[in-house]
Structures are given as C-alpha cells and as structure tokens.
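What follows is the content of start-v3.csv (CSV, C-alpha atoms and all ligand atoms).
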chain,number,residue,atom,x,y,z
C,11,MET,CA,101.7,23.4,-20.3
C,12,ASP,CA,104.9,24.2,-22.2
C,13,ARG,CA,105.8,21.4,-24.4
C,14,LYS,CA,109.4,21.3,-25.3
C,15,LEU,CA,110.3,20.9,-29.0
C,16,THR,CA,113.5,19.1,-28.8
C,17,ILE,CA,113.1,17.3,-32.1
C,18,SER,CA,113.4,19.5,-35.2
C,19,ALA,CA,111.8,18.9,-38.5
C,20,LEU,CA,115.2,18.1,-40.0
C,21,GLN,CA,115.8,15.5,-37.3
C,22,GLU,CA,112.3,14.0,-38.0
C,23,GLU,CA,113.1,13.8,-41.7
C,24,SER,CA,116.5,12.1,-41.2
C,25,GLY,CA,114.9,8.7,-41.0
C,26,LEU,CA,116.9,7.9,-37.8
C,27,ILE,CA,113.9,8.2,-35.6
C,28,PHE,CA,110.3,6.9,-35.9
C,29,GLU,CA,107.2,6.1,-34.0
C,30,ALA,CA,107.4,2.9,-31.9
C,31,ARG,CA,103.9,2.1,-33.3
C,32,SER,CA,105.3,1.9,-36.8
C,33,VAL,CA,107.4,-1.1,-35.9
C,34,ASN,CA,106.0,-4.6,-36.6
C,35,THR,CA,107.1,-8.0,-37.9
C,36,SER,CA,107.3,-6.7,-41.5
C,37,VAL,CA,108.6,-3.2,-40.6
C,38,VAL,CA,111.9,-3.1,-38.6
C,39,PRO,CA,113.7,0.1,-39.4
C,40,ALA,CA,117.3,-0.5,-40.5
C,41,VAL,CA,119.0,2.2,-38.4
C,42,ASP,CA,121.7,2.5,-35.8
C,43,CYS,CA,121.8,5.6,-33.6
C,44,HIS,CA,124.6,4.4,-31.3
C,45,LEU,CA,128.1,3.9,-32.8
C,46,HIS,CA,131.5,4.6,-31.4
C,47,THR,CA,134.8,4.8,-33.3
C,48,SER,CA,138.5,5.1,-32.8
C,49,TRP,CA,138.0,8.8,-32.3
C,50,THR,CA,137.3,7.6,-28.7
C,51,ASP,CA,137.1,4.1,-27.4
C,52,GLY,CA,135.9,2.2,-30.5
C,53,GLU,CA,138.1,-0.2,-32.4
C,54,SER,CA,137.4,1.0,-35.9
C,55,SER,CA,137.5,4.2,-37.9
C,56,ALA,CA,134.3,6.0,-38.9
C,57,GLU,CA,134.8,4.7,-42.5
C,58,GLU,CA,135.1,1.1,-41.3
C,59,MET,CA,132.0,1.4,-39.2
C,60,TYR,CA,130.3,3.0,-42.1
C,61,MET,CA,131.2,0.1,-44.4
C,62,ALA,CA,129.9,-2.3,-41.8
C,63,ALA,CA,126.6,-0.4,-41.8
C,64,VAL,CA,126.4,-0.6,-45.6
C,65,ARG,CA,127.0,-4.4,-45.4
C,66,SER,CA,124.3,-4.7,-42.8
C,67,GLU,CA,122.0,-2.7,-45.1
C,68,MET,CA,121.5,0.1,-42.6
C,69,GLY,CA,119.7,3.1,-44.1
C,70,VAL,CA,120.8,5.7,-41.6
C,71,ILE,CA,123.4,5.7,-38.8
C,72,LEU,CA,124.4,8.2,-36.1
C,73,PHE,CA,128.0,8.4,-34.9
C,74,SER,CA,127.2,9.1,-31.3
C,75,GLU,CA,130.8,9.6,-30.3
C,76,HIS,CA,131.6,10.1,-26.6
C,77,SER,CA,132.5,13.7,-25.9
C,78,ARG,CA,132.7,16.1,-23.0
C,79,LYS,CA,133.0,19.8,-22.6
C,80,THR,CA,136.7,19.6,-23.1
C,81,SER,CA,136.4,17.7,-26.5
C,82,ILE,CA,136.4,20.9,-28.6
C,83,ASP,CA,140.0,20.3,-29.7
C,84,TRP,CA,139.0,17.2,-31.8
C,85,PHE,CA,135.2,17.3,-32.2
C,86,ASP,CA,135.2,19.4,-35.4
C,87,ASP,CA,137.6,17.0,-37.1
C,88,PHE,CA,135.4,14.1,-36.1
C,89,ALA,CA,132.3,15.8,-37.5
C,90,ARG,CA,134.1,16.5,-40.8
C,91,ASP,CA,135.3,12.9,-41.0
C,92,VAL,CA,131.7,11.7,-40.6
C,93,ARG,CA,130.3,14.3,-43.1
C,94,SER,CA,132.8,13.2,-45.7
C,95,LEU,CA,131.4,9.7,-45.8
C,96,PRO,CA,129.3,8.8,-48.9
C,97,ALA,CA,125.6,9.3,-48.6
C,98,ASP,CA,124.2,7.1,-51.4
C,99,THR,CA,123.4,3.8,-49.8
C,100,CYS,CA,123.5,4.8,-46.1
C,101,LYS,CA,123.2,8.2,-44.6
C,102,ALA,CA,125.7,9.0,-41.8
C,103,LEU,CA,124.9,11.6,-39.2
C,104,VAL,CA,127.0,13.4,-36.6
C,105,GLY,CA,126.1,12.9,-33.0
C,106,THR,CA,127.5,12.8,-29.6
C,107,GLU,CA,126.8,10.7,-26.5
C,108,VAL,CA,127.3,12.8,-23.4
C,109,LYS,CA,126.9,12.0,-19.7
C,110,VAL,CA,124.2,13.4,-17.5
C,111,GLU,CA,126.4,15.3,-15.0
C,112,THR,CA,124.1,16.6,-12.3
C,113,ARG,CA,121.0,15.6,-10.5
C,114,SER,CA,119.2,18.5,-12.2
C,115,GLY,CA,119.8,17.0,-15.7
C,116,ASP,CA,122.7,19.1,-16.9
C,117,ILE,CA,124.8,17.4,-19.6
C,118,ASP,CA,128.5,17.4,-20.2
C,119,THR,CA,128.7,19.5,-23.4
C,120,THR,CA,129.1,23.0,-24.8
C,121,ASP,CA,127.1,24.8,-27.5
C,122,GLU,CA,130.0,24.6,-29.8
C,123,ILE,CA,129.9,20.8,-29.7
C,124,SER,CA,126.1,20.3,-29.5
C,125,ASN,CA,125.4,22.8,-32.3
C,126,ASN,CA,127.7,20.7,-34.6
C,127,CYS,CA,125.6,17.6,-34.0
C,128,ASP,CA,122.6,16.3,-35.9
C,129,PHE,CA,121.5,14.6,-32.6
C,130,VAL,CA,122.7,14.9,-29.0
C,131,MET,CA,122.3,11.7,-26.9
C,132,ALA,CA,122.3,12.0,-23.1
C,133,SER,CA,123.1,8.9,-21.0
C,134,VAL,CA,123.6,8.1,-17.4
C,135,HIS,CA,127.2,6.8,-17.0
C,136,ARG,CA,127.9,8.0,-13.5
C,137,LEU,CA,125.6,8.0,-10.5
C,138,ILE,CA,125.5,11.2,-8.5
C,139,ASP,CA,124.2,11.5,-4.9
C,140,ASN,CA,121.9,14.2,-3.5
C,141,SER,CA,124.9,16.3,-2.5
C,142,GLY,CA,126.3,16.2,-6.1
C,143,ASN,CA,129.1,13.8,-5.4
C,144,THR,CA,129.9,11.1,-8.0
C,145,LEU,CA,129.4,7.6,-6.4
C,146,GLN,CA,131.9,4.9,-7.0
C,147,PHE,CA,130.2,1.8,-8.4
C,148,ALA,CA,131.7,-0.5,-5.8
C,149,GLU,CA,130.3,1.4,-2.9
C,150,THR,CA,126.8,1.9,-4.3
C,151,ASP,CA,123.9,-0.1,-3.0
C,152,PRO,CA,122.3,-1.7,-6.1
C,153,SER,CA,118.8,-1.0,-5.1
C,154,LYS,CA,119.6,2.7,-4.7
C,155,ALA,CA,121.3,2.7,-8.1
C,156,VAL,CA,117.9,2.2,-9.7
C,157,GLU,CA,116.5,5.2,-7.8
C,158,ILE,CA,119.4,7.5,-8.7
C,159,GLU,CA,119.4,6.5,-12.3
C,160,TYR,CA,115.7,7.1,-12.5
C,161,ASP,CA,116.0,10.6,-11.0
C,162,MET,CA,118.9,11.5,-13.2
C,163,THR,CA,117.1,10.2,-16.3
C,164,MET,CA,113.9,12.0,-15.5
C,165,ALA,CA,115.8,15.2,-14.9
C,166,ALA,CA,117.7,14.9,-18.2
C,167,LEU,CA,114.4,14.6,-20.1
C,168,GLU,CA,113.7,18.2,-19.0
C,169,ASN,CA,116.9,19.5,-20.7
C,170,PRO,CA,115.9,21.0,-24.0
C,171,LYS,CA,119.4,20.1,-25.4
C,172,VAL,CA,118.7,16.4,-25.1
C,173,ASN,CA,117.4,14.9,-28.4
C,174,ILE,CA,117.8,11.2,-27.5
C,175,ILE,CA,117.8,9.5,-24.1
C,176,GLY,CA,120.5,6.8,-24.3
C,177,HIS,CA,120.2,3.3,-23.0
C,178,THR,CA,117.7,4.0,-20.2
C,179,PHE,CA,118.6,2.2,-17.0
C,180,GLY,CA,121.7,0.8,-18.7
C,181,MET,CA,123.7,1.1,-15.4
C,182,SER,CA,121.0,-0.6,-13.4
C,183,PHE,CA,120.6,-3.5,-15.9
C,184,ARG,CA,124.2,-4.2,-16.7
C,185,ARG,CA,126.4,-2.8,-13.9
C,186,PHE,CA,124.1,-3.5,-11.0
C,187,LYS,CA,122.1,-6.5,-12.4
C,188,GLN,CA,118.9,-4.9,-11.3
C,189,ASN,CA,115.5,-5.1,-13.1
C,190,PRO,CA,113.8,-1.7,-12.5
C,191,ALA,CA,110.1,-2.0,-11.9
C,192,PRO,CA,108.1,-1.7,-15.2
C,193,LYS,CA,106.4,1.4,-13.7
C,194,LYS,CA,109.8,3.2,-13.6
C,195,ILE,CA,110.7,2.3,-17.2
C,196,LYS,CA,107.2,3.3,-18.3
C,197,ASP,CA,107.6,6.7,-16.5
C,198,VAL,CA,110.7,7.4,-18.5
C,199,ILE,CA,109.1,6.4,-21.8
C,200,LYS,CA,106.0,8.5,-21.0
C,201,LYS,CA,108.0,11.6,-20.1
C,202,ALA,CA,110.3,11.2,-23.2
C,203,ALA,CA,107.1,11.0,-25.4
C,204,ASN,CA,105.6,14.1,-23.7
C,205,ASN,CA,108.8,16.1,-24.0
C,206,ASN,CA,109.6,15.1,-27.5
C,207,VAL,CA,112.8,13.3,-26.6
C,208,VAL,CA,113.7,10.1,-28.6
C,209,PHE,CA,113.8,6.9,-26.5
C,210,GLU,CA,116.7,4.7,-27.6
C,211,LEU,CA,116.1,0.9,-27.6
C,212,ASN,CA,119.5,-0.5,-27.1
C,213,SER,CA,120.6,-4.1,-27.9
C,214,HIS,CA,123.6,-4.0,-25.6
C,215,TYR,CA,121.7,-2.9,-22.5
C,216,HIS,CA,118.0,-3.9,-23.0
C,217,GLU,CA,117.6,-7.6,-22.8
C,218,ASN,CA,113.9,-7.2,-22.5
C,219,PHE,CA,113.7,-5.1,-25.6
C,220,LEU,CA,110.4,-6.6,-26.8
C,221,GLU,CA,108.7,-5.6,-23.6
C,222,ILE,CA,110.2,-2.1,-23.7
C,223,LEU,CA,109.1,-1.7,-27.3
C,224,SER,CA,105.6,-2.6,-26.3
C,225,TRP,CA,105.6,0.1,-23.7
C,226,CYS,CA,107.0,2.6,-26.2
C,227,LYS,CA,104.0,1.7,-28.4
C,228,GLU,CA,101.6,2.2,-25.4
C,229,TYR,CA,102.8,5.8,-24.9
C,230,ASN,CA,103.3,6.5,-28.6
C,231,ALA,CA,106.9,7.3,-28.1
C,232,VAL,CA,109.3,8.3,-30.9
C,233,ILE,CA,112.2,5.9,-30.7
C,234,SER,CA,115.4,4.8,-32.4
C,235,PHE,CA,117.5,1.7,-32.4
C,236,GLY,CA,121.1,1.6,-31.0
C,237,SER,CA,123.7,-1.0,-30.7
C,238,ASN,CA,126.4,0.8,-28.7
C,239,ALA,CA,128.8,-0.8,-31.3
C,240,HIS,CA,132.5,-0.4,-30.5
C,241,THR,CA,133.4,-3.0,-33.2
C,242,VAL,CA,132.2,-3.5,-36.8
C,243,ASP,CA,130.4,-6.8,-36.0
C,244,LYS,CA,127.9,-5.1,-33.7
C,245,VAL,CA,126.7,-2.4,-36.2
C,246,GLY,CA,123.0,-2.8,-36.7
C,247,GLU,CA,122.6,-5.3,-33.9
C,248,MET,CA,119.3,-3.8,-32.5
C,249,THR,CA,117.6,-4.2,-35.9
C,250,ARG,CA,118.9,-7.8,-36.3
C,251,SER,CA,117.9,-8.7,-32.7
C,252,LEU,CA,114.4,-7.4,-33.3
C,253,GLN,CA,114.0,-9.1,-36.6
C,254,ARG,CA,115.1,-12.4,-35.0
C,255,ALA,CA,112.8,-12.0,-32.0
C,256,MET,CA,109.8,-10.9,-34.1
C,257,SER,CA,110.1,-13.7,-36.6
C,258,HIS,CA,110.0,-16.2,-33.7
C,259,ALA,CA,107.2,-14.4,-31.8
C,301,ZN,ZN,126.6,5.0,-22.9
C,302,ZN,ZN,127.8,4.4,-26.0

Translate the structure of the given file into structure tokens.
Amino acid sequence: MDRKLTISALQEESGLIFEARSVNTSVVPAVDCHLHTSWTDGESSAEEMYMAAVRSEMGVILFSEHSRKTSIDWFDDFARDVRSLPADTCKALVGTEVKVETRSGDIDTTDEISNNCDFVMASVHRLIDNSGNTLQFAETDPSKAVEIEYDMTMAALENPKVNIIGHTFGMSFRRFKQNPAPKKIKDVIKKAANNNVVFELNSHYHENFLEILSWCKEYNAVISFGSNAHTVDKVGEMTRSLQRAMSHA
C-alpha cells in the first residue's frame, strides 16, 4: 500500500512534533503548534506571542495563522515577520491553519502559501453536507455533526498537503457539546499515524486530553501540543495542562 510521506525530515528535526509514546510524567515537551496573532484574529503581535512563549519556556512554537486561498496579499509579510524573530531560546516556525473545504478533503490554500510554511494544519471549521453545501450551525442536528466532522477529518487525512490535523472533533466537542464515540476518535488517530499526519492534542478543544493521549500512544501516533492561543496568557497551555494533570495522576 502507498504510504504518504507528509512529514519531511526537516519537520521531524524541528522538535515541534514527537511520538506520543515519548510523553510521560517527566517528559512533557514544551511546544505550542497552534498560535494566532493580530495578523488575523489574535490580540497580540507575533513578537508579543513569541515573548510569551519564551516566558513559558517553550522550546519551539508554530504560528499557525488562519489563511485561505485569498490570503496571498499578506501571507509573505506574515512569514517574514515570524522568521525575523530571534531563535536562541525558542524557535518560531511559520505555519497556517486552513479549513477543510470539501467532503473529499480539499483544503483552503494555494501552493504559494503552503510552500511558504514549515507546517500546514488542516482543521474542520465548517460542516459540509453530502451535496457540498456549507451547513449553518443553528440548523445542524448535533448527532449528525459528529458524523460529518468525522467524514471530513478522515478525508483530510488523505490529502498529502496536510501535515497536522488540527483539534480533531473540535466542532463536535465545543460547538455541539457532543462526545464522539471513542472508536471514532481512535479511527482518526490510527489513520493519522498510518498516513504520517501529526495529530494535534489541543487544550482549548480536548477536555479529555489524557484519554486522547493514551489512544495516541496505543497507535504510536506522532503528535504535537496546541493551545489555539489568541492571547498571550494561553501560549503553552497544552503543555501546562498536561504537566498539571500528570503530576496529579
Ligand atoms: Zn481551528
Ligand atoms: Zn486556531
């Protein structure tokens, strides 16, 4: 079977991603792969977020700025801004978080943008029905939301452009207050591991992060930690949450 090589050697060496099995009470990587800035809907500049990462003793961070196909007019400047940050205490990487835009796993980006990124994160932000129409949240049956989010996530994992699958089931958990069956979450983790896509454990969306981490270990997934920080106080939140939870376990 053709195994997609979505993670490059450089990405592996970045330190942003690691095997779930390497995480334990004494080893909780100090990374944050999910930061937003005032380039889009975040409150603070890249430099302010970077300084917060240094204060929280993060070793590597990814600026996973929201973008879409039409973002070519500013994305270069954003990338330059991130690459001009110091690299001595904390390494800052350029990324983007883009939405899954079809049921077949297409993502909302262009080569020009994705080739300028160290990592491309795909997340489900909108639910799309079988006919390709975007569903309004208010008119979506919560139990169907889980099915749709599952299908779209599984499809995105087939897309070779996707390096990181962002906040799996984030819409179901937070918007629709649903707890997808463990089998469904495990299916995503297993497929991500098989297709060399990094699974993001996200402190904003995954309340049951310890359980999800244990499943990532079960399938030997490569993972990263993300906070979805839009403010400086949240930078590094996934690492801190895990450290707290593991010290009390
Ligand atoms: Zn998102
Ligand atoms: Zn985000």

Please, what distance in Å, to one decimal, runs between atom CA of Phe183 of chain C and atom CA of Ala102 of chain C?
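Interatomic distance here is 29.2 Å.
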
Neighbourhood of ligand ZN 301 (chain C) at 9 Å, counting all atoms listed in the file, reported as a CSV table (one decimal) with C-alpha atoms, in the frame of the given file:
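Heads up, here's the output in part-v1.csv:
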chain,number,residue,atom,x,y,z
C,44,HIS,CA,124.6,4.4,-31.3
C,76,HIS,CA,131.6,10.1,-26.6
C,107,GLU,CA,126.8,10.7,-26.5
C,108,VAL,CA,127.3,12.8,-23.4
C,109,LYS,CA,126.9,12.0,-19.7
C,131,MET,CA,122.3,11.7,-26.9
C,132,ALA,CA,122.3,12.0,-23.1
C,133,SER,CA,123.1,8.9,-21.0
C,134,VAL,CA,123.6,8.1,-17.4
C,135,HIS,CA,127.2,6.8,-17.0
C,176,GLY,CA,120.5,6.8,-24.3
C,177,HIS,CA,120.2,3.3,-23.0
C,180,GLY,CA,121.7,0.8,-18.7
C,181,MET,CA,123.7,1.1,-15.4
C,238,ASN,CA,126.4,0.8,-28.7

From the options C:Ser55, C:Asn206, C:Ser77, C:Thr120, which residue's atoms come nearest to ligand ZN 302 (chain C), counting only C-alpha atoms and all ligand atoms?
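Going through C:Ser55, C:Asn206, C:Ser77, C:Thr120 one by one, the smallest distance to ligand ZN 302 (chain C) is for C:Ser77.
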
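Taking all atoms listed in the file into account, Ser24 of chain C lies nearest to C:Cys43 out of the set C:Ala89, C:Ala165, C:Cys43, C:Val64.
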
Interatomic distance, atom CA of Leu223 of chain C to atom CA of Ala30 of chain C (Å, one decimal):
6.7 Å

Neighbours of segment 252-254 of chain C within 8 Å (all atoms listed in the file; same-chain residues fewer than 2 positions away dropped), as a list of chain:residue names?
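Counting only the stated atoms, we get C:Thr35, C:Val38, C:Leu220, C:Met248, C:Thr249, C:Arg250, C:Met256, C:Ser257, C:His258.
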
Please provide the set of residues having any atom within 10 Å of segment 51-54 of chain C, restricted to all atoms listed in the file, with same-chain residues fewer than 2 positions apart removed, written as number ranges by chain.
C: 45-49, 56-60, 75-76, 238-242

Could you pull the residues within 7 Å of Ser66 of chain C, counting all atoms listed in the file, minus those fewer than 3 positions along the same chain, as a PyMOL selection string?
chain C and resi 62-63+246

I need the residue nearest Pro152 of chain C from this list: C:Leu137, C:Ile82, C:Ala19, C:Val41. Use all atoms listed in the file for the distance.
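Checking each of C:Leu137, C:Ile82, C:Ala19, C:Val41 against Pro152 of chain C, counting all atoms listed in the file, the winner is C:Leu137.
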
Can you measure atom CA of Ser213 of chain C to atom CA of Lys101 of chain C for me? One decimal in Å is fine.
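A separation of 20.9 Å between them.
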
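The closest residue to ligand ZN 302 (chain C), picked from C:Arg93, C:Lys193, C:Lys201, C:His214 and counting all atoms listed in the file, is C:His214.
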